[in-house]
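Note: the block below is input.tsv and it holds TSV, C-alpha atoms.
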```
chain	number	residue	atom	x	y	z
J	517	MET	CA	14.35	-21.98	-0.66
J	518	ASP	CA	14.24	-22.61	-4.42
J	519	SER	CA	10.88	-20.98	-5.09
J	520	VAL	CA	7.59	-20.06	-3.50
J	521	PRO	CA	5.08	-22.91	-3.62
J	522	LEU	CA	2.05	-21.87	-5.65
J	523	ALA	CA	-0.21	-23.02	-2.80
J	524	ASP	CA	1.49	-20.56	-0.41
J	525	LEU	CA	0.88	-17.65	-2.78
J	526	GLU	CA	-2.72	-18.72	-3.28
J	527	THR	CA	-3.28	-18.98	0.48
J	528	LEU	CA	-1.77	-15.54	1.01
J	529	TYR	CA	-3.91	-14.08	-1.77
J	530	ARG	CA	-7.11	-15.56	-0.38
J	531	SER	CA	-6.44	-14.67	3.24
J	532	GLU	CA	-4.94	-11.19	2.85
J	533	TYR	CA	-6.47	-9.80	-0.35
J	534	ARG	CA	-8.62	-7.23	1.49
J	535	ARG	CA	-5.57	-5.85	3.33
J	536	PHE	CA	-3.55	-5.63	0.11
J	537	LEU	CA	-6.47	-3.89	-1.58
J	538	ARG	CA	-6.95	-1.45	1.32
J	539	VAL	CA	-3.33	-0.28	1.17
J	540	ALA	CA	-3.28	-0.09	-2.63
J	541	THR	CA	-6.51	1.94	-2.48
J	542	ALA	CA	-4.96	4.28	0.08
J	543	ILE	CA	-1.94	4.81	-2.20
J	544	LEU	CA	-3.99	5.27	-5.37
J	545	ARG	CA	-7.19	6.80	-3.94
J	546	ASP	CA	-9.04	4.70	-6.48
J	547	GLU	CA	-10.29	1.19	-5.70
J	548	THR	CA	-10.63	0.15	-9.34
J	549	ARG	CA	-6.99	0.97	-10.02
J	550	ALA	CA	-6.03	-0.63	-6.70
J	551	VAL	CA	-7.61	-3.92	-7.80
J	552	ASP	CA	-5.43	-3.78	-10.92
J	553	ALA	CA	-2.33	-3.06	-8.83
J	554	VAL	CA	-2.96	-5.99	-6.47
J	555	GLN	CA	-3.60	-8.31	-9.41
J	556	GLU	CA	-0.39	-7.13	-11.07
J	557	ALA	CA	1.55	-7.65	-7.84
J	558	PHE	CA	0.40	-11.25	-7.55
J	559	ALA	CA	1.06	-11.88	-11.24
J	560	SER	CA	4.56	-10.53	-10.64
J	561	ALA	CA	4.97	-12.78	-7.60
J	562	LEU	CA	4.01	-15.77	-9.73
J	563	ARG	CA	6.48	-14.76	-12.44
J	564	ARG	CA	9.23	-14.20	-9.86
J	565	GLN	CA	8.48	-17.04	-7.46
J	566	ARG	CA	11.97	-18.52	-8.01
J	567	GLN	CA	13.53	-15.24	-6.85
J	568	PHE	CA	12.09	-15.54	-3.33
J	569	ARG	CA	15.04	-16.54	-1.15
J	570	GLY	CA	13.12	-17.13	2.06
J	571	GLU	CA	15.26	-14.59	3.95
J	572	GLY	CA	12.13	-12.87	5.25
J	573	PRO	CA	8.42	-13.59	5.39
J	574	LEU	CA	6.64	-14.34	2.12
J	575	GLU	CA	3.97	-11.78	3.03
J	576	ALA	CA	6.55	-8.98	3.31
J	577	TRP	CA	8.00	-9.96	-0.08
J	578	VAL	CA	4.53	-9.73	-1.63
J	579	TRP	CA	3.83	-6.43	0.18
J	580	ARG	CA	6.86	-4.96	-1.58
J	581	MET	CA	5.34	-5.99	-4.91
J	582	VAL	CA	1.93	-4.55	-3.97
J	583	VAL	CA	3.45	-1.20	-2.98
J	584	ASN	CA	5.59	-1.09	-6.12
J	585	ALA	CA	2.64	-2.02	-8.35
J	586	ALA	CA	0.47	0.68	-6.74
J	587	LEU	CA	3.20	3.30	-7.16
J	588	LYS	CA	3.66	2.26	-10.78
J	589	GLU	CA	-0.10	2.40	-11.37
J	590	ARG	CA	-0.21	5.86	-9.78
J	591	GLY	CA	2.18	7.07	-12.47
J	592	ARG	CA	-0.12	5.93	-15.26
J	593	PRO	CA	-2.78	8.26	-16.62
J	594	ARG	CA	-6.30	7.65	-15.34
J	595	HIS	CA	-9.06	6.56	-17.65
J	596	THR	CA	-11.07	9.70	-18.33
J	597	GLU	CA	-14.36	8.00	-19.16
J	598	LEU	CA	-16.18	7.78	-15.86
J	599	ALA	CA	-19.79	6.85	-15.46
J	600	ASP	CA	-22.02	9.63	-14.11
J	601	SER	CA	-22.57	7.63	-10.91
J	602	GLU	CA	-18.79	7.41	-10.33
J	603	VAL	CA	-18.39	11.16	-10.81
J	604	ALA	CA	-21.26	11.84	-8.41
J	605	ALA	CA	-19.83	9.46	-5.83
J	606	SER	CA	-16.40	11.08	-6.04
J	607	LEU	CA	-17.93	14.54	-5.56
J	608	GLU	CA	-19.88	13.42	-2.48
J	609	GLU	CA	-16.79	12.17	-0.67
J	610	GLU	CA	-15.32	15.07	1.25
J	611	PRO	CA	-11.77	14.41	2.37
J	612	THR	CA	-11.36	14.46	6.14
J	613	PRO	CA	-8.72	16.65	7.79
J	614	VAL	CA	-6.76	13.49	8.63
J	615	ALA	CA	-6.85	12.27	5.01
J	616	GLU	CA	-5.76	15.69	3.80
J	617	ALA	CA	-2.91	15.76	6.33
J	618	ILE	CA	-1.76	12.26	5.32
J	619	ALA	CA	-1.82	13.32	1.66
J	620	ARG	CA	0.61	16.15	2.51
J	621	LEU	CA	3.20	13.79	4.03
J	622	PRO	CA	6.27	12.71	2.08
J	623	GLU	CA	5.72	9.46	0.20
J	624	ARG	CA	7.84	7.22	2.46
J	625	GLN	CA	5.96	8.45	5.53
J	626	ARG	CA	2.59	7.81	3.86
J	627	LEU	CA	3.62	4.32	2.78
J	628	ALA	CA	4.92	3.46	6.24
J	629	LEU	CA	1.65	4.68	7.79
J	630	PHE	CA	-0.44	2.67	5.32
J	631	LEU	CA	1.56	-0.50	5.93
J	632	ARG	CA	1.52	-0.07	9.70
J	633	TYR	CA	-2.11	0.98	10.25
J	634	TYR	CA	-3.99	-0.21	7.17
J	635	ALA	CA	-2.13	-3.50	6.75
J	636	ASP	CA	-1.18	-3.96	10.43
J	637	LEU	CA	2.38	-5.03	9.55
J	638	ASP	CA	5.19	-5.15	12.08
J	639	TYR	CA	8.33	-3.03	11.65
J	640	GLU	CA	10.36	-5.89	10.11
J	641	SER	CA	7.71	-6.59	7.47
J	642	ILE	CA	7.40	-2.87	6.67
J	643	ALA	CA	11.20	-2.68	6.38
J	644	THR	CA	11.18	-5.57	3.92
J	645	ALA	CA	8.31	-4.09	1.91
J	646	LEU	CA	9.95	-0.65	1.69
J	647	GLN	CA	13.51	-2.01	1.42
J	648	VAL	CA	14.79	-0.04	4.41
J	649	SER	CA	16.00	-1.00	7.89
J	650	SER	CA	13.56	-1.49	10.76
J	651	GLY	CA	15.20	1.47	12.50
J	652	THR	CA	14.34	3.60	9.48
J	653	VAL	CA	10.74	2.40	9.74
J	654	GLY	CA	10.60	3.56	13.36
J	655	ALA	CA	12.13	6.92	12.52
J	656	THR	CA	9.83	7.34	9.52
J	657	LEU	CA	6.70	6.57	11.55
J	658	ASN	CA	7.85	8.92	14.31
J	659	ALA	CA	8.39	11.71	11.77
J	660	ALA	CA	4.97	10.98	10.23
J	661	HIS	CA	3.24	11.16	13.62
J	662	THR	CA	5.00	14.44	14.43
J	663	SER	CA	4.04	15.93	11.06
J	664	LEU	CA	0.43	14.77	11.39
J	665	ARG	CA	0.13	16.34	14.84
J	666	ARG	CA	1.48	19.63	13.48
J	667	LEU	CA	-0.72	19.56	10.36
J	668	LEU	CA	-3.84	18.72	12.35
J	669	GLN	CA	-3.17	21.49	14.85
J	670	GLU	CA	-3.04	23.92	11.92
J	671	VAL	CA	-6.61	23.03	10.90
J	672	ARG	CA	-8.09	23.34	14.40
J	673	PRO	CA	-10.36	26.38	14.77
```

Would you mind writing the structure in this file as structure tokens?
Amino acid sequence: MDSVPLADLETLYRSEYRRFLRVATAILRDETRAVDAVQEAFASALRRQRQFRGEGPLEAWVWRMVVNAALKERGRPRHTELADSEVAASLEEEPTPVAEAIARLPERQRLALFLRYYADLDYESIATALQVSSGTVGATLNAAHTSLRRLLQEVRP
């Protein structure tokens, strides 16, 4: 394949935007920054559309860009000027034990969990997005599940 047709990228954007945003938000823990990351990922896909070789699904190729954009955004400093309502909203949200346990996982395990359960991707698509083998995806998810069980047992009364 020479390049991704613009119509295919547009269709993917329109149909899967909420899923991309949900995973980027999970990575960043900030929906405003997640919107920026998803937009940047699609801008990157447009710039790189000739690089898509068609060896895997287009969606998995774009997922890789969304994950990379979110990780890059996470490394940037946050804007410190928050409206009072945003500060109040962030203080009202108590993290759940599950969210806290997920936050303690190694990054690859968190990303695999987000792509599997937030984005509902299959192992092959996760492998493409994370640039690992599908066997590594299975092992990573298994390790994440084991760690989560252990971490959640620690918080039980």

Using all atoms listed in the file, the shortest atom-to-atom distance to Leu525 (chain J) among J:Leu574, J:Leu667, J:Val582, J:Val539 belongs to J:Leu574

Need the neighbours of (8.2, 8.2, 4.3): which residues are at most 10 Å away, counting all atoms listed in the file, as a ChimeraX atom specification?
/J:621-629,646,652-653,655-657,659-660

Name all residues at most 12 Å from region 590-593 of chain J (count only C-alpha atoms; drop same-chain ones fewer than 2 positions away) and give them as a list in words.
Ala540, Thr541, Ala542, Ile543, Leu544, Arg545, Asp546, Glu547, Thr548, Arg549, Ala550, Asp552, Ala553, Val583, Asn584, Ala585, Ala586, Leu587, Lys588, His595, Thr596 and Glu597 of chain J

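Distance-wise, CA of Leu537 (chain J) and CA of Leu668 (chain J) end up 26.7 Å apart.
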
In Å and to one decimal, CA of Pro521 (chain J) is distant from CA of Ser560 (chain J) by 14.2 Å

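In this structure, CA of Asp638 (chain J) sits 9.7 Å away from CA of Ala576 (chain J).
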
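Distance check against Thr662 (chain J) using all atoms listed in the file: of J:Ile618, J:Tyr634, J:Glu640, J:Ser649, the minimum falls on J:Ile618.
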
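Comparing the minimum interatomic distances between Asp636 (chain J) and each of J:Arg666, J:Arg566, J:Thr612, J:Arg535, counting only C-alpha atoms, we find that J:Arg535 sits nearest.
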
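Minimum atom-to-atom distance to Gln567 (chain J), evaluated using all atoms listed in the file, belongs to J:Ser519 out of J:Ser650, J:Ser519, J:Ser531, J:Thr644.
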
With distances taken over only C-alpha atoms, the candidate from J:Arg580, J:Arg538, J:Arg569, J:Arg564 nearest Ala643 (chain J) is J:Arg580
